[in-house]
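S.K.: Compact mmCIF, C-alpha atoms, file query-v4.txt:
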```txt
# COMPACT_ATOMS: atom_id res chain seq x y z
CA MET A 232 -9.10 266.75 39.01
CA PHE A 233 -11.58 266.02 41.77
CA THR A 234 -11.88 263.55 44.57
CA SER A 235 -15.08 262.91 46.48
CA GLY A 236 -16.83 261.18 49.33
CA VAL A 237 -20.17 259.43 49.04
CA ALA A 238 -22.92 258.03 51.25
CA THR A 239 -26.11 256.13 50.45
CA LEU A 240 -29.47 255.76 52.11
CA GLN A 241 -32.27 253.32 51.32
CA ASP A 242 -35.45 251.89 52.80
CA ASN A 243 -36.90 249.42 50.29
CA SER A 244 -39.50 247.93 52.61
CA ALA A 245 -42.64 249.42 51.01
CA HIS A 246 -42.47 247.75 47.58
CA GLY A 247 -38.87 246.59 47.09
CA GLU A 248 -38.60 248.36 43.74
CA ASP A 249 -35.86 251.00 44.24
CA ARG A 250 -32.27 250.32 43.24
CA TYR A 251 -29.12 252.40 43.33
CA LEU A 252 -25.59 252.19 41.97
CA VAL A 253 -22.38 253.87 43.13
CA ARG A 254 -19.49 253.02 40.88
CA ASP A 255 -15.84 254.13 40.64
CA LEU A 256 -14.64 254.20 37.05
CA ASP A 257 -11.11 254.68 35.73
CA GLY A 258 -9.13 257.53 37.24
CA HIS A 259 -11.29 260.13 38.97
CA ALA A 260 -14.54 259.26 37.14
CA ARG A 261 -17.61 258.30 39.18
CA LEU A 262 -21.13 257.11 38.37
CA ASP A 263 -24.11 257.50 40.69
CA ALA A 264 -27.60 256.33 39.73
CA VAL A 265 -30.99 255.78 41.34
CA MET A 266 -33.81 253.72 39.85
CA ASP A 267 -37.45 253.69 40.99
CA GLY A 268 -39.49 250.80 39.59
CA VAL A 269 -43.16 251.39 38.80
CA THR A 270 -45.35 249.70 41.41
CA GLY A 271 -47.52 246.87 40.11
CA ARG A 272 -45.65 246.82 36.78
CA ARG A 273 -42.76 244.51 37.69
CA GLY A 274 -40.81 247.64 38.49
CA GLY A 275 -38.34 245.87 40.75
CA GLN A 276 -37.15 243.70 37.87
CA ALA A 277 -36.84 246.72 35.61
CA SER A 278 -34.86 248.81 38.10
CA ALA A 279 -32.55 245.84 38.78
CA ALA A 280 -31.98 245.39 35.03
CA VAL A 281 -30.93 249.01 34.66
CA ALA A 282 -28.63 248.83 37.70
CA ASP A 283 -26.98 245.63 36.44
CA ALA A 284 -26.43 247.06 32.96
CA LEU A 285 -24.85 250.25 34.29
CA ALA A 286 -22.64 248.25 36.66
CA ALA A 287 -21.26 246.11 33.82
CA ALA A 288 -20.91 248.67 31.03
CA ARG A 289 -17.74 250.43 29.91
CA LEU A 290 -18.49 254.11 30.44
CA THR A 291 -16.03 256.63 29.05
CA CYS A 292 -18.41 259.43 28.05
CA PRO A 293 -22.07 260.43 28.46
CA GLU A 294 -22.90 258.89 25.07
CA ASP A 295 -21.91 255.49 26.49
CA LEU A 296 -24.35 256.06 29.34
CA VAL A 297 -27.16 256.95 26.94
CA ALA A 298 -26.40 253.89 24.80
CA VAL A 299 -26.71 251.59 27.82
CA LEU A 300 -30.09 253.06 28.77
CA GLU A 301 -31.34 252.79 25.19
CA GLU A 302 -30.34 249.12 25.02
CA VAL A 303 -31.96 248.28 28.37
CA ASN A 304 -35.09 250.14 27.28
CA ARG A 305 -35.24 248.08 24.09
CA ARG A 306 -34.92 244.80 25.99
CA LEU A 307 -37.51 245.71 28.61
CA TYR A 308 -39.99 246.91 26.00
CA GLN A 309 -39.61 243.71 24.00
CA VAL A 310 -40.88 241.74 27.00
CA GLY A 311 -43.21 244.17 28.74
CA ARG A 312 -44.59 245.99 25.66
CA GLY A 313 -44.86 249.21 27.62
CA ARG A 314 -47.24 247.74 30.19
CA PHE A 315 -44.73 246.03 32.48
CA LEU A 316 -41.02 246.23 33.35
CA LEU A 317 -41.07 250.00 33.88
CA THR A 318 -38.66 252.13 35.90
CA THR A 319 -37.32 255.63 36.23
CA VAL A 320 -33.59 256.33 36.26
CA SER A 321 -31.43 259.31 37.15
CA ALA A 322 -27.69 258.93 36.58
CA ALA A 323 -24.84 261.36 37.24
CA LEU A 324 -21.44 260.77 35.61
CA SER A 325 -18.54 262.90 36.87
CA LEU A 326 -15.74 262.88 34.35
CA GLY A 327 -12.85 265.24 33.62
CA GLY A 328 -14.15 268.07 35.79
CA ARG A 329 -17.62 267.89 34.23
CA LEU A 330 -20.86 266.45 35.54
CA TYR A 331 -23.18 264.75 33.06
CA VAL A 332 -26.73 263.96 34.14
CA VAL A 333 -28.98 261.61 32.18
CA GLY A 334 -32.39 260.43 33.26
CA THR A 335 -36.05 259.83 32.72
CA GLY A 336 -38.74 260.06 35.36
CA ASP A 337 -39.19 262.10 38.52
CA SER A 338 -36.08 261.32 40.60
CA PRO A 339 -34.26 264.65 40.99
CA VAL A 340 -30.54 265.33 40.88
CA LEU A 341 -29.58 268.39 42.92
CA ARG A 342 -26.24 270.18 42.83
CA VAL A 343 -25.86 272.23 46.00
CA ARG A 344 -23.40 275.06 46.63
CA SER A 345 -22.92 277.39 49.58
CA ASP A 346 -25.16 280.09 48.09
CA SER A 347 -27.20 278.36 45.38
CA PHE A 348 -28.48 275.09 44.02
CA ASP A 349 -29.49 273.64 40.65
CA GLN A 350 -31.84 270.82 39.78
CA LEU A 351 -30.06 268.89 37.03
CA SER A 352 -32.91 266.56 36.09
CA SER A 353 -36.60 266.58 35.30
CA ARG A 354 -38.36 269.06 37.52
CA MET A 355 -40.22 267.56 40.47
CA GLY A 356 -43.91 267.57 39.56
CA ASP A 357 -43.38 268.02 35.81
CA LEU A 358 -46.28 266.68 33.78
CA LEU A 359 -46.26 265.16 30.31
CA PRO A 360 -49.20 265.08 27.88
CA ALA A 361 -51.91 262.54 28.70
CA GLY A 362 -50.93 259.01 27.81
CA VAL A 363 -47.20 259.76 27.55
CA ALA A 364 -45.06 257.80 30.00
CA ARG A 365 -41.62 258.88 31.11
CA THR A 366 -39.95 255.65 32.16
CA ILE A 367 -37.51 253.09 30.87
CA GLY A 368 -39.48 250.34 29.12
CA ALA A 369 -42.53 252.43 28.25
CA SER A 370 -41.97 252.64 24.48
CA HIS A 371 -39.84 251.00 21.82
CA GLN A 372 -37.66 254.12 21.67
CA LEU A 373 -36.35 255.93 24.72
CA VAL A 374 -38.14 259.27 24.58
CA HIS A 375 -38.14 262.24 26.94
CA LEU A 376 -34.59 261.48 28.08
CA TYR A 377 -33.32 264.39 30.13
CA ARG A 378 -29.68 265.45 29.69
CA ALA A 379 -27.62 268.14 31.41
CA GLU A 380 -23.92 269.06 31.56
CA VAL A 381 -22.27 271.41 34.04
CA ALA A 382 -18.75 272.21 35.20
CA LEU A 383 -17.79 270.88 38.62
CA GLU A 384 -16.19 273.10 41.23
CA PRO A 385 -14.50 272.16 44.51
CA GLY A 386 -17.16 272.15 47.20
CA ASP A 387 -20.01 271.06 44.93
CA ARG A 388 -22.42 268.66 46.62
CA LEU A 389 -24.74 266.26 44.85
CA LEU A 390 -28.00 264.58 45.84
CA LEU A 391 -29.85 261.93 43.84
CA ALA A 392 -33.17 260.83 45.34
CA THR A 393 -36.26 258.86 44.42
CA ASP A 394 -39.74 260.28 44.96
CA GLY A 395 -40.10 258.36 48.21
CA VAL A 396 -37.78 261.07 49.55
CA THR A 397 -38.95 264.10 47.58
CA ASP A 398 -42.64 263.49 48.27
CA ASN A 399 -41.94 263.67 52.00
CA VAL A 400 -39.15 266.26 52.29
CA ALA A 401 -39.45 269.64 50.59
CA SER A 402 -36.74 270.69 48.14
CA CYS A 403 -35.71 273.61 50.38
CA GLU A 404 -35.24 271.15 53.26
CA LEU A 405 -33.18 268.81 51.10
CA VAL A 406 -30.90 271.65 50.02
CA GLU A 407 -30.34 272.73 53.63
CA ILE A 408 -29.57 269.17 54.73
CA ILE A 409 -26.97 268.72 52.00
CA ARG A 410 -25.51 272.19 52.52
CA SER A 411 -25.19 271.86 56.30
CA GLY A 412 -23.82 268.33 56.36
CA ALA A 413 -20.31 268.00 57.73
CA SER A 414 -19.79 264.97 55.47
CA PRO A 415 -21.83 262.80 53.12
CA ASP A 416 -22.45 260.38 55.99
CA ASP A 417 -23.65 263.22 58.20
CA ALA A 418 -26.05 264.53 55.53
CA ALA A 419 -27.41 261.03 54.89
CA ALA A 420 -27.91 260.53 58.63
CA GLN A 421 -29.83 263.82 58.89
CA LEU A 422 -32.06 262.78 56.01
CA LYS A 423 -32.69 259.36 57.54
CA THR A 424 -33.64 260.95 60.86
CA ILE A 425 -36.19 263.23 59.19
CA MET A 426 -37.67 260.46 57.05
CA THR A 427 -37.93 258.05 59.97
CA ALA A 428 -39.60 260.63 62.20
CA ARG A 429 -42.13 261.68 59.57
CA GLN A 430 -42.96 258.10 58.72
CA ALA A 431 -43.64 257.40 62.40
CA GLU A 432 -45.81 260.51 62.73
CA GLY A 433 -47.66 259.83 59.49
CA ARG A 434 -47.91 263.51 58.61
CA LEU A 435 -45.76 266.23 57.11
CA PRO A 436 -45.10 269.82 58.20
CA ALA A 437 -45.60 272.93 56.08
CA PRO A 438 -45.06 273.62 53.25
CA LEU A 439 -46.01 270.05 52.27
CA ARG A 440 -49.22 269.97 54.38
CA ARG A 441 -50.25 266.37 53.72
CA GLY A 442 -49.88 262.88 55.11
CA PHE A 443 -46.69 260.89 54.83
CA ARG A 444 -46.54 259.02 51.52
CA ARG A 445 -45.34 255.50 52.16
CA ASP A 446 -42.99 254.38 49.40
CA ASP A 447 -39.49 253.01 48.92
CA TRP A 448 -36.92 255.73 49.42
CA THR A 449 -33.36 255.97 48.16
CA ALA A 450 -30.73 258.71 48.16
CA ILE A 451 -27.10 259.15 47.18
CA VAL A 452 -25.06 262.04 48.61
CA ARG A 453 -21.68 262.94 47.11
CA PHE A 454 -19.34 265.77 48.13
CA PHE A 455 -16.68 266.89 45.63
CA ARG A 456 -13.36 268.42 46.54
CA ALA A 457 -10.16 269.26 44.67
CA ALA A 458 -7.71 266.39 44.44
CA PRO A 459 -4.38 267.14 46.18
CA THR A 460 -1.60 268.01 43.75
CA TYR A 461 1.88 266.48 43.75
CA GLN A 462 3.34 269.78 44.98
CA THR A 463 0.87 269.90 47.87
CA ILE A 464 1.74 266.35 48.90
CA THR A 465 5.44 267.09 48.65
CA ARG A 466 5.19 270.20 50.85
CA SER A 467 3.12 268.28 53.39
CA GLN A 468 5.65 265.48 53.49
CA ALA A 469 8.52 267.93 53.78
CA LYS A 470 6.85 269.70 56.70
CA MET A 471 6.25 266.39 58.43
CA SER A 472 9.93 265.42 57.94
CA SER A 473 11.13 268.70 59.42
CA THR A 474 9.16 268.13 62.63
CA ILE A 475 10.47 264.61 63.27
```
Can the structure from this file be put into C-alpha cells for me?

M.R.:
Amino acid sequence: MFTSGVATLQDNSAHGEDRYLVRDLDGHARLDAVMDGVTGRRGGQASAAVADALAAARLTCPEDLVAVLEEVNRRLYQVGRGRFLLTTVSAALSLGGRLYVVGTGDSPVLRVRSDSFDQLSSRMGDLLPAGVARTIGASHQLVHLYRAEVALEPGDRLLLATDGVTDNVASCELVEIIRSGASPDDAAAQLKTIMTARQAEGRLPAPLRRGFRRDDWTAIVRFFRAAPTYQTITRSQAKMSSTI
C-alpha cells in the first residue's frame, strides 16, 4: 500500500484551455489528469468535458478509465466532427501498487527516481503521419491511445505537465526539479519560479535556445511513499506512551 502527497500548478491566462483533475478514489487509489485543449478549436470546452467525465466516473481499473475517454471522444466527435472540441489528455491511475497511464497527445507523464526516470506517455516531440490527429474528439474512434503500466515503489515521484511547461523547461530540468524537491509543494514552487522568470525574460537558456512560448501551463506533482503499517503505528504509540 502507498500513500502520497500532491501539489498542482496552473497558469491558464494565455488561452484558458488547460484543465486538470486530482481525485482520491476508494482506499489508496488516486487519479491525476491534465488536459490541454486545442487553441481555436473550442479546446476549453473539450478539456472541461474530459475533466468532468473523469471526476464523475466510477474508476476501479484502467479499463474503466479507457471506457470514459472513449465515451467522451464519441460525444465530442458527434458535435465537432473532428474539427472542433479537441483536447489532449494524460491520466495516471495509481491502484494496488501499480501505476496505469493512459493518454493521447503531447502532455508527458514522468516517473522520477533517485537515479533514473521514465517517460510513461507519448514522447515529447513525437510526430504522427500527415493528417493524423492525436487528440480526444478528432475521430469517431479513439485512436493512438497511449497506455503504460509500471510497478510503484516507495519514493517514486510523478509529474504530469502540459506542453506550456515542456516547451519552456527542458526534460532534464524537469527531472532535476522533481528529484530535488523536498515536497510536492516545494517542487511545484520551483517550477513556478522558473516558468515565471522565463516568461518575464521572454527567452530560454540552452539547450532550448529559443524564445519563451506563451501558452497555458499546468502541472501535477505527486510523491509516493509506503503507507505506515499497523505494527509501525503500534510501536510508535508504545514509544510515545513510555516517554509520558

S.K.: Identify which of the residues A:Leu390, A:Ala369, A:Val452, A:Ala413 lies closest to Gly313 of chain A, counting all atoms listed in the file when measuring atom-to-atom distances.

M.R.: A:Ala369

S.K.: Calculate how many Å separate atom CA of Arg272 of chain A from atom CA of Gly442 of chain A, rounding to one decimal.

M.R.: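 That distance, rounded to one decimal, is 24.7 Å.
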
S.K.: Given only C-alpha atoms as the basis, pick out the residue of A:Val299, A:Ile451, A:Val381, A:Ala238 nearest to Asp283 of chain A.

M.R.: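 Of all the options, A:Val299 lies closest to Asp283 of chain A.
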
S.K.: Might you pull out every residue within 12 Å of segment 400-407 of chain A, with only C-alpha atoms counted and same-chain residues fewer than 2 positions away left off, and present them as number ranges by chain?

M.R.: A: 339-350, 354-356, 388-398, 409-413, 418-419, 421-430, 434-444, 448, 450, 452

S.K.: Pick from A:Ala420, A:Leu296, A:Val310, A:Val303: nearest to Gly334 of chain A, with only C-alpha atoms counted?

M.R.: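 Between A:Ala420, A:Leu296, A:Val310, A:Val303, the residue approaching Gly334 of chain A most closely is A:Leu296.
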
S.K.: When distances are computed from all atoms listed in the file, which of A:Ser352, A:Ser414, A:Thr366, A:Ser244 shows the smallest separation from Val269 of chain A?

M.R.: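 Comparing A:Ser352, A:Ser414, A:Thr366, A:Ser244 against Val269 of chain A, the winner is A:Thr366.
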
S.K.: May I have the protein, DNA and RNA residues with any atom at most 12 Å from the point (-25.8, 261.0, 25.8), counting all atoms listed in the file, written as a ChimeraX atom specification?

M.R.: /A:290-301,322-324,331-334,373,376-380
